[in-house]
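S.K.: Hey, dropping model-v1.cif in here, mmCIF, N, CA and C atoms:
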```
data_protein
loop_
_atom_site.label_atom_id
_atom_site.label_comp_id
_atom_site.auth_asym_id
_atom_site.auth_seq_id
_atom_site.Cartn_x
_atom_site.Cartn_y
_atom_site.Cartn_z
N MET A 1 143.92 83.33 80.03
CA MET A 1 142.99 84.22 80.69
C MET A 1 141.56 83.98 80.21
N GLN A 2 141.37 83.82 78.92
CA GLN A 2 140.02 83.66 78.39
C GLN A 2 139.36 82.36 78.84
N GLN A 3 140.14 81.40 79.28
CA GLN A 3 139.57 80.12 79.70
C GLN A 3 138.81 80.22 81.02
N HIS A 4 139.07 81.26 81.81
CA HIS A 4 138.44 81.30 83.13
C HIS A 4 136.92 81.39 83.06
N VAL A 5 136.37 81.97 82.01
CA VAL A 5 134.91 82.03 81.92
C VAL A 5 134.32 80.64 81.68
N GLN A 6 134.97 79.86 80.84
CA GLN A 6 134.50 78.50 80.57
C GLN A 6 134.70 77.61 81.79
N ILE A 7 135.83 77.76 82.45
CA ILE A 7 136.09 76.97 83.66
C ILE A 7 135.06 77.29 84.74
N GLY A 8 134.81 78.58 84.96
CA GLY A 8 133.81 78.99 85.94
C GLY A 8 132.43 78.46 85.61
N PHE A 9 132.07 78.54 84.33
CA PHE A 9 130.79 78.02 83.86
C PHE A 9 130.67 76.53 84.17
N GLU A 10 131.70 75.78 83.81
CA GLU A 10 131.68 74.32 84.03
C GLU A 10 131.58 73.98 85.51
N LEU A 11 132.22 74.78 86.36
CA LEU A 11 132.19 74.52 87.80
C LEU A 11 130.81 74.68 88.41
N VAL A 12 130.04 75.65 87.92
CA VAL A 12 128.76 75.94 88.59
C VAL A 12 127.51 75.50 87.84
N LYS A 13 127.64 75.13 86.57
CA LYS A 13 126.43 74.84 85.78
C LYS A 13 125.59 73.69 86.34
N GLY A 14 126.19 72.75 87.01
CA GLY A 14 125.45 71.61 87.53
C GLY A 14 124.94 71.80 88.95
N ILE A 15 125.18 72.96 89.53
CA ILE A 15 124.73 73.23 90.89
C ILE A 15 123.39 73.97 90.79
N PRO A 16 122.30 73.33 91.20
CA PRO A 16 120.98 73.90 90.95
C PRO A 16 120.80 75.36 91.37
N PHE A 17 121.24 75.73 92.57
CA PHE A 17 121.00 77.10 93.00
C PHE A 17 121.92 78.11 92.33
N LEU A 18 122.91 77.65 91.57
CA LEU A 18 123.81 78.54 90.83
C LEU A 18 123.59 78.49 89.32
N ALA A 19 122.56 77.79 88.88
CA ALA A 19 122.33 77.62 87.44
C ALA A 19 122.23 78.96 86.71
N ASP A 20 121.52 79.92 87.28
CA ASP A 20 121.40 81.23 86.62
C ASP A 20 122.74 81.95 86.58
N ALA A 21 123.54 81.76 87.60
CA ALA A 21 124.85 82.42 87.66
C ALA A 21 125.81 81.87 86.61
N ALA A 22 125.62 80.63 86.20
CA ALA A 22 126.53 80.01 85.23
C ALA A 22 126.60 80.81 83.94
N GLU A 23 125.47 81.23 83.42
CA GLU A 23 125.45 82.00 82.17
C GLU A 23 126.07 83.39 82.36
N ILE A 24 125.89 83.97 83.52
CA ILE A 24 126.52 85.27 83.81
C ILE A 24 128.04 85.11 83.83
N ILE A 25 128.51 84.07 84.48
CA ILE A 25 129.94 83.79 84.53
C ILE A 25 130.49 83.61 83.12
N LEU A 26 129.79 82.85 82.31
CA LEU A 26 130.25 82.55 80.96
C LEU A 26 130.32 83.80 80.08
N THR A 27 129.41 84.74 80.28
CA THR A 27 129.30 85.86 79.34
C THR A 27 129.76 87.21 79.88
N HIS A 28 130.37 87.26 81.05
CA HIS A 28 130.73 88.56 81.61
C HIS A 28 131.91 89.24 80.90
N HIS A 29 132.56 88.56 79.98
CA HIS A 29 133.60 89.20 79.15
C HIS A 29 133.14 89.45 77.72
N GLU A 30 131.86 89.28 77.47
CA GLU A 30 131.29 89.73 76.19
C GLU A 30 131.28 91.25 76.24
N ARG A 31 131.39 91.90 75.09
CA ARG A 31 131.48 93.36 75.05
C ARG A 31 130.34 93.96 74.25
N HIS A 32 129.94 95.15 74.61
CA HIS A 32 128.80 95.82 74.00
C HIS A 32 128.93 95.87 72.48
N ASP A 33 130.15 96.05 71.98
CA ASP A 33 130.36 96.16 70.53
C ASP A 33 130.59 94.82 69.84
N GLY A 34 130.51 93.71 70.60
CA GLY A 34 130.68 92.38 70.02
C GLY A 34 132.11 91.88 70.00
N SER A 35 133.03 92.63 70.58
CA SER A 35 134.45 92.26 70.53
C SER A 35 134.89 91.32 71.65
N GLY A 36 133.96 90.91 72.51
CA GLY A 36 134.33 90.09 73.66
C GLY A 36 134.37 88.60 73.37
N TYR A 37 134.44 87.82 74.42
CA TYR A 37 134.50 86.37 74.32
C TYR A 37 133.63 85.75 75.40
N PRO A 38 133.20 84.52 75.26
CA PRO A 38 133.61 83.50 74.30
C PRO A 38 132.77 83.46 73.02
N ARG A 39 131.62 84.11 72.98
CA ARG A 39 130.70 83.95 71.84
C ARG A 39 130.66 85.14 70.89
N GLY A 40 131.26 86.26 71.25
CA GLY A 40 131.17 87.45 70.42
C GLY A 40 129.79 88.09 70.42
N LEU A 41 129.07 87.93 71.54
CA LEU A 41 127.75 88.55 71.66
C LEU A 41 127.89 90.06 71.76
N LYS A 42 126.81 90.78 71.43
CA LYS A 42 126.86 92.23 71.56
C LYS A 42 125.54 92.77 72.10
N ALA A 43 125.63 93.94 72.68
CA ALA A 43 124.48 94.71 73.17
C ALA A 43 123.50 93.83 73.93
N GLU A 44 122.23 93.85 73.53
CA GLU A 44 121.19 93.13 74.26
C GLU A 44 121.25 91.61 74.09
N GLU A 45 122.14 91.11 73.25
CA GLU A 45 122.35 89.66 73.18
C GLU A 45 122.98 89.16 74.48
N ILE A 46 123.61 90.05 75.21
CA ILE A 46 124.26 89.71 76.48
C ILE A 46 123.24 89.91 77.60
N LEU A 47 123.13 88.94 78.49
CA LEU A 47 122.22 89.06 79.62
C LEU A 47 122.49 90.36 80.38
N LEU A 48 121.43 91.02 80.82
CA LEU A 48 121.60 92.25 81.59
C LEU A 48 122.48 92.02 82.81
N ALA A 49 122.27 90.92 83.51
CA ALA A 49 123.09 90.64 84.70
C ALA A 49 124.56 90.53 84.34
N ALA A 50 124.89 89.96 83.19
CA ALA A 50 126.28 89.85 82.76
C ALA A 50 126.84 91.23 82.38
N ARG A 51 126.01 92.09 81.81
CA ARG A 51 126.45 93.46 81.48
C ARG A 51 126.74 94.24 82.75
N ILE A 52 125.93 94.05 83.76
CA ILE A 52 126.16 94.70 85.06
C ILE A 52 127.43 94.15 85.70
N PHE A 53 127.56 92.84 85.69
CA PHE A 53 128.73 92.20 86.28
C PHE A 53 130.01 92.63 85.58
N ALA A 54 129.95 92.82 84.27
CA ALA A 54 131.13 93.24 83.50
C ALA A 54 131.64 94.59 83.99
N VAL A 55 130.74 95.52 84.24
CA VAL A 55 131.15 96.84 84.75
C VAL A 55 131.75 96.70 86.14
N ALA A 56 131.08 95.97 87.02
CA ALA A 56 131.58 95.80 88.38
C ALA A 56 132.92 95.08 88.40
N ASP A 57 133.05 94.04 87.60
CA ASP A 57 134.29 93.27 87.53
C ASP A 57 135.44 94.12 87.00
N SER A 58 135.18 94.90 85.97
CA SER A 58 136.21 95.75 85.39
C SER A 58 136.62 96.85 86.36
N PHE A 59 135.64 97.46 87.02
CA PHE A 59 135.95 98.50 88.00
C PHE A 59 136.82 97.92 89.11
N ASP A 60 136.47 96.74 89.59
CA ASP A 60 137.26 96.09 90.63
C ASP A 60 138.67 95.80 90.14
N ALA A 61 138.80 95.32 88.91
CA ALA A 61 140.12 95.02 88.35
C ALA A 61 140.98 96.28 88.24
N ILE A 62 140.36 97.39 87.89
CA ILE A 62 141.09 98.65 87.74
C ILE A 62 141.52 99.21 89.09
N THR A 63 140.67 99.12 90.09
CA THR A 63 140.91 99.82 91.36
C THR A 63 141.52 98.95 92.45
N SER A 64 141.62 97.66 92.25
CA SER A 64 142.17 96.77 93.27
C SER A 64 143.67 96.55 93.07
N ASP A 65 144.36 96.41 94.19
CA ASP A 65 145.77 96.06 94.12
C ASP A 65 145.92 94.64 93.58
N ARG A 66 146.93 94.45 92.78
CA ARG A 66 147.29 93.14 92.24
C ARG A 66 148.74 92.86 92.65
N PRO A 67 149.17 91.62 92.60
CA PRO A 67 150.57 91.34 92.96
C PRO A 67 151.56 92.11 92.08
N TYR A 68 151.17 92.44 90.87
CA TYR A 68 152.08 93.07 89.91
C TYR A 68 151.87 94.58 89.75
N ARG A 69 150.86 95.17 90.44
CA ARG A 69 150.64 96.62 90.34
C ARG A 69 149.68 97.09 91.43
N ARG A 70 149.78 98.38 91.73
CA ARG A 70 148.85 99.01 92.66
C ARG A 70 147.54 99.31 91.94
N GLY A 71 146.45 99.27 92.67
CA GLY A 71 145.17 99.64 92.10
C GLY A 71 145.11 101.13 91.82
N SER A 72 144.35 101.50 90.81
CA SER A 72 144.16 102.90 90.46
C SER A 72 143.15 103.54 91.41
N PRO A 73 143.19 104.87 91.54
CA PRO A 73 142.19 105.55 92.36
C PRO A 73 140.77 105.33 91.82
N LEU A 74 139.78 105.46 92.70
CA LEU A 74 138.39 105.25 92.30
C LEU A 74 137.99 106.15 91.14
N ASP A 75 138.44 107.41 91.15
CA ASP A 75 138.10 108.33 90.06
C ASP A 75 138.63 107.83 88.72
N THR A 76 139.82 107.25 88.73
CA THR A 76 140.39 106.70 87.50
C THR A 76 139.54 105.53 87.01
N GLY A 77 139.10 104.69 87.93
CA GLY A 77 138.24 103.57 87.57
C GLY A 77 136.93 104.05 86.96
N ARG A 78 136.33 105.05 87.57
CA ARG A 78 135.07 105.60 87.05
C ARG A 78 135.28 106.21 85.66
N GLU A 79 136.37 106.95 85.48
CA GLU A 79 136.67 107.57 84.19
C GLU A 79 136.88 106.52 83.10
N THR A 80 137.57 105.45 83.46
CA THR A 80 137.82 104.38 82.49
C THR A 80 136.51 103.72 82.07
N ILE A 81 135.66 103.42 83.03
CA ILE A 81 134.36 102.81 82.73
C ILE A 81 133.56 103.75 81.83
N GLN A 82 133.54 105.04 82.15
CA GLN A 82 132.79 106.01 81.35
C GLN A 82 133.33 106.08 79.92
N ARG A 83 134.64 106.09 79.79
CA ARG A 83 135.27 106.18 78.47
C ARG A 83 134.91 104.98 77.59
N GLU A 84 134.72 103.82 78.19
CA GLU A 84 134.46 102.60 77.44
C GLU A 84 132.97 102.30 77.24
N ALA A 85 132.10 103.21 77.71
CA ALA A 85 130.65 103.04 77.49
C ALA A 85 130.37 103.06 76.00
N GLY A 86 129.60 102.10 75.55
CA GLY A 86 129.25 102.01 74.13
C GLY A 86 130.20 101.13 73.35
N ARG A 87 131.40 100.93 73.85
CA ARG A 87 132.35 100.03 73.21
C ARG A 87 132.42 98.73 74.00
N LEU A 88 132.93 98.81 75.22
CA LEU A 88 133.01 97.61 76.06
C LEU A 88 131.75 97.38 76.88
N PHE A 89 131.14 98.47 77.33
CA PHE A 89 130.05 98.37 78.29
C PHE A 89 128.76 98.98 77.77
N ASP A 90 127.65 98.44 78.26
CA ASP A 90 126.32 98.95 77.95
C ASP A 90 126.21 100.38 78.50
N PRO A 91 125.92 101.36 77.65
CA PRO A 91 125.84 102.75 78.12
C PRO A 91 124.81 102.97 79.23
N GLN A 92 123.70 102.23 79.21
CA GLN A 92 122.70 102.40 80.27
C GLN A 92 123.22 101.86 81.61
N VAL A 93 123.94 100.77 81.56
CA VAL A 93 124.53 100.22 82.79
C VAL A 93 125.58 101.18 83.32
N VAL A 94 126.39 101.72 82.44
CA VAL A 94 127.42 102.69 82.85
C VAL A 94 126.77 103.92 83.46
N SER A 95 125.70 104.40 82.86
CA SER A 95 125.00 105.57 83.39
C SER A 95 124.50 105.31 84.81
N ALA A 96 123.92 104.15 85.04
CA ALA A 96 123.45 103.78 86.38
C ALA A 96 124.63 103.68 87.35
N PHE A 97 125.71 103.06 86.90
CA PHE A 97 126.92 102.91 87.72
C PHE A 97 127.47 104.27 88.11
N LEU A 98 127.58 105.17 87.15
CA LEU A 98 128.13 106.50 87.42
C LEU A 98 127.17 107.36 88.24
N GLY A 99 125.91 106.96 88.32
CA GLY A 99 124.93 107.68 89.12
C GLY A 99 125.03 107.42 90.61
N ILE A 100 125.89 106.50 91.00
CA ILE A 100 126.10 106.24 92.43
C ILE A 100 126.75 107.48 93.03
N PRO A 101 126.17 108.05 94.09
CA PRO A 101 126.69 109.30 94.66
C PRO A 101 128.14 109.17 95.16
N ALA A 102 128.88 110.25 95.05
CA ALA A 102 130.30 110.27 95.45
C ALA A 102 130.48 109.86 96.91
N GLU A 103 129.56 110.28 97.77
CA GLU A 103 129.71 109.92 99.19
C GLU A 103 129.57 108.41 99.41
N THR A 104 128.83 107.75 98.56
CA THR A 104 128.72 106.29 98.65
C THR A 104 130.05 105.65 98.30
N TRP A 105 130.73 106.17 97.28
CA TRP A 105 132.05 105.64 96.91
C TRP A 105 133.02 105.79 98.06
N SER A 106 133.00 106.94 98.72
CA SER A 106 133.91 107.18 99.84
C SER A 106 133.63 106.20 100.97
N THR A 107 132.36 105.94 101.23
CA THR A 107 131.98 105.01 102.28
C THR A 107 132.46 103.60 101.94
N ILE A 108 132.23 103.18 100.71
CA ILE A 108 132.64 101.84 100.28
C ILE A 108 134.15 101.69 100.37
N ALA A 109 134.88 102.68 99.86
CA ALA A 109 136.34 102.62 99.83
C ALA A 109 136.94 102.61 101.23
N GLY A 110 136.26 103.24 102.19
CA GLY A 110 136.80 103.31 103.54
C GLY A 110 136.33 102.20 104.46
N ASP A 111 135.50 101.33 103.98
CA ASP A 111 134.94 100.26 104.80
C ASP A 111 135.80 99.01 104.67
N PRO A 112 136.41 98.56 105.76
CA PRO A 112 137.29 97.38 105.67
C PRO A 112 136.57 96.12 105.19
N ARG A 113 135.26 96.07 105.34
CA ARG A 113 134.53 94.89 104.85
C ARG A 113 134.53 94.82 103.33
N THR A 114 134.71 95.96 102.66
CA THR A 114 134.71 95.96 101.20
C THR A 114 136.10 95.87 100.61
N THR A 115 137.12 95.99 101.44
CA THR A 115 138.49 95.97 100.93
C THR A 115 139.30 94.80 101.48
N ALA A 116 138.74 94.05 102.40
CA ALA A 116 139.47 92.92 102.99
C ALA A 116 139.64 91.80 101.97
N VAL A 117 140.77 91.15 102.04
CA VAL A 117 141.01 89.98 101.20
C VAL A 117 140.49 88.78 101.97
N LEU A 118 139.55 88.08 101.37
CA LEU A 118 138.96 86.92 102.02
C LEU A 118 139.87 85.72 101.87
N PRO A 119 139.92 84.87 102.89
CA PRO A 119 140.75 83.67 102.78
C PRO A 119 140.20 82.70 101.75
N ARG A 120 141.09 81.96 101.12
CA ARG A 120 140.65 80.93 100.18
C ARG A 120 139.93 79.83 100.95
N ARG A 121 138.91 79.25 100.31
CA ARG A 121 138.18 78.17 100.93
C ARG A 121 138.28 76.92 100.07
N ASP A 122 138.20 75.80 100.72
CA ASP A 122 138.21 74.52 100.02
C ASP A 122 136.89 74.38 99.27
N ALA A 123 136.96 74.26 97.95
CA ALA A 123 135.75 74.18 97.13
C ALA A 123 134.88 72.98 97.48
N SER A 124 135.48 71.91 97.97
CA SER A 124 134.69 70.72 98.30
C SER A 124 133.71 71.00 99.43
N VAL A 125 134.00 71.99 100.26
CA VAL A 125 133.10 72.36 101.35
C VAL A 125 131.82 72.96 100.77
N ILE A 126 131.96 73.73 99.71
CA ILE A 126 130.82 74.39 99.08
C ILE A 126 130.07 73.42 98.19
N LEU A 127 130.79 72.63 97.43
CA LEU A 127 130.18 71.72 96.47
C LEU A 127 129.73 70.47 97.16
#
```
Let me see the file written as structure tokens.

M.R.:
Amino acid sequence: MQQHVQIGFELVKGIPFLADAAEIILTHHERHDGSGYPRGLKAEEILLAARIFAVADSFDAITSDRPYRRGSPLDTGRETIQREAGRLFDPQVVSAFLGIPAETWSTIAGDPRTTAVLPRRDASVIL
């Protein structure tokens, strides 16, 4: 599992328009308290974009269906993110995330464009 950040980094680092994204991909599993990977970065050592992506990625992982389990309700995802503020996630990013109005969550959850599973694409088409 931990290899996916390095693999993602290697895939995009040489693509000029994705160069900034490469570092975000590499560091999105770093944790606010320094317990993450691959470098053990903490707090502001982690790019702000990676701290934001970490919250979004974790929320998606919690609330999305997986082949091995059903996704949790949105409220459970929000509660989990809030509980981990200061340990896994930047408290300021969590505060901004939790500041999204409830009606926005309902709109997002009910919109098929946000819940549809996109078909896999041949990477050679993109690269």

S.K.: Assuming the chain letters and numbering stay as they are in my file, what does the PyMOL selection byres ((chain A and resi 32) around 5) actually select? List them as an mmCIF file with N, CA and C atoms, in the frame of the given file.

M.R.:
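Below you can see expr.cif, which holds the result:
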```
data_model
loop_
_atom_site.group_PDB
_atom_site.id
_atom_site.type_symbol
_atom_site.label_atom_id
_atom_site.label_comp_id
_atom_site.auth_asym_id
_atom_site.auth_seq_id
_atom_site.Cartn_x
_atom_site.Cartn_y
_atom_site.Cartn_z
ATOM 1 N N GLU A 30 131.860 89.280 77.470
ATOM 2 C CA GLU A 30 131.290 89.730 76.190
ATOM 3 C C GLU A 30 131.280 91.250 76.240
ATOM 4 N N ARG A 31 131.390 91.900 75.090
ATOM 5 C CA ARG A 31 131.480 93.360 75.050
ATOM 6 C C ARG A 31 130.340 93.960 74.250
ATOM 7 N N ASP A 33 130.150 96.050 71.980
ATOM 8 C CA ASP A 33 130.360 96.160 70.530
ATOM 9 C C ASP A 33 130.590 94.820 69.840
ATOM 10 N N GLY A 34 130.510 93.710 70.600
ATOM 11 C CA GLY A 34 130.680 92.380 70.020
ATOM 12 C C GLY A 34 132.110 91.880 70.000
ATOM 13 N N LYS A 42 126.810 90.780 71.430
ATOM 14 C CA LYS A 42 126.860 92.230 71.560
ATOM 15 C C LYS A 42 125.540 92.770 72.100
ATOM 16 N N ALA A 43 125.630 93.940 72.680
ATOM 17 C CA ALA A 43 124.480 94.710 73.170
ATOM 18 C C ALA A 43 123.500 93.830 73.930
ATOM 19 N N ARG A 87 131.400 100.930 73.850
ATOM 20 C CA ARG A 87 132.350 100.030 73.210
ATOM 21 C C ARG A 87 132.420 98.730 74.000
ATOM 22 N N LEU A 88 132.930 98.810 75.220
ATOM 23 C CA LEU A 88 133.010 97.610 76.060
ATOM 24 C C LEU A 88 131.750 97.380 76.880
ATOM 25 N N PHE A 89 131.140 98.470 77.330
ATOM 26 C CA PHE A 89 130.050 98.370 78.290
ATOM 27 C C PHE A 89 128.760 98.980 77.770
#
```

S.K.: Would you return as a ChimeraX atom specification the members of chain A that DSSP assigns to alpha helix (DSSP H) on this structure's backbone?

M.R.: /A:3-12,19-27,48-63,74-83,91-98,102-110,112-115,123-126

S.K.: To verify the selection step, state as a PyMOL selection string which residues the PyMOL selection byres (((chain A and resi 59 and name CA) around 9) and name CA) yields on this input.

M.R.: chain A and resi 54-58+60-64+74+77-78+80-81

S.K.: One decimal, in Å: what's the spacing between atom C of A:Phe97 and atom CA of A:Thr76?

M.R.: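 So the two atoms, atom C of A:Phe97 and atom CA of A:Thr76, lie 13.2 Å apart.
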
S.K.: Considering only C-alpha atoms, give me a table of residues in stretch 29-126 of chain A that are at most 12 Å from stretch 1-23 of chain A, with the closest atom pair and distance in Å for each, as a tab-separated table.

M.R.:
```
residue	atom	partner	partner_atom	distance
A:His29	CA	A:Val5	CA	7.8
A:Glu30	CA	A:Val5	CA	10.3
A:Gly36	CA	A:Gln2	CA	9.8
A:Tyr37	CA	A:Gln2	CA	7.4
A:Pro38	CA	A:Gln2	CA	7.6
A:Arg39	CA	A:Gln6	CA	11.0
A:Ile46	CA	A:Glu23	CA	9.7
A:Leu47	CA	A:Glu23	CA	8.2
A:Leu48	CA	A:Glu23	CA	11.0
A:Ala49	CA	A:Ala21	CA	8.9
A:Ala50	CA	A:Glu23	CA	7.9
A:Arg51	CA	A:Glu23	CA	11.5
A:Phe53	CA	A:Ala21	CA	10.6
A:Ala54	CA	A:Val5	CA	11.9
A:Ala123	CA	A:Leu11	CA	10.0
A:Ser124	CA	A:Leu11	CA	11.4
A:Ile126	CA	A:Ile15	CA	10.3
```

S.K.: Just to confirm, what's the straight-line distance from atom CA of A:Asp75 to atom N of A:Ile52 in Å (one decimal)?

M.R.: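 One can read the atom CA of A:Asp75 to atom N of A:Ile52 distance as 19.8 Å.
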
S.K.: For the strand (DSSP E or B) assignment from backbone DSSP, which residues of stretch 2-123 of chain A qualify? Please present them as a list of chain:residue names.

M.R.: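 The residues of stretch 2-123 of chain A classed as strand (DSSP E or B) are A:Arg66, A:Arg69, A:Ala85, A:Phe89.
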
S.K.: In Å, how far is it from atom C of A:His28 to atom N of A:Glu44?

M.R.: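 Atom N of A:Glu44 lies 13.0 Å from atom C of A:His28.
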
S.K.: Pick out the closest residue to A:Val94 from this set: A:Ser72, A:Ser106, A:Gln82, A:Thr27. Count only N, CA and C atoms.

M.R.: A:Gln82
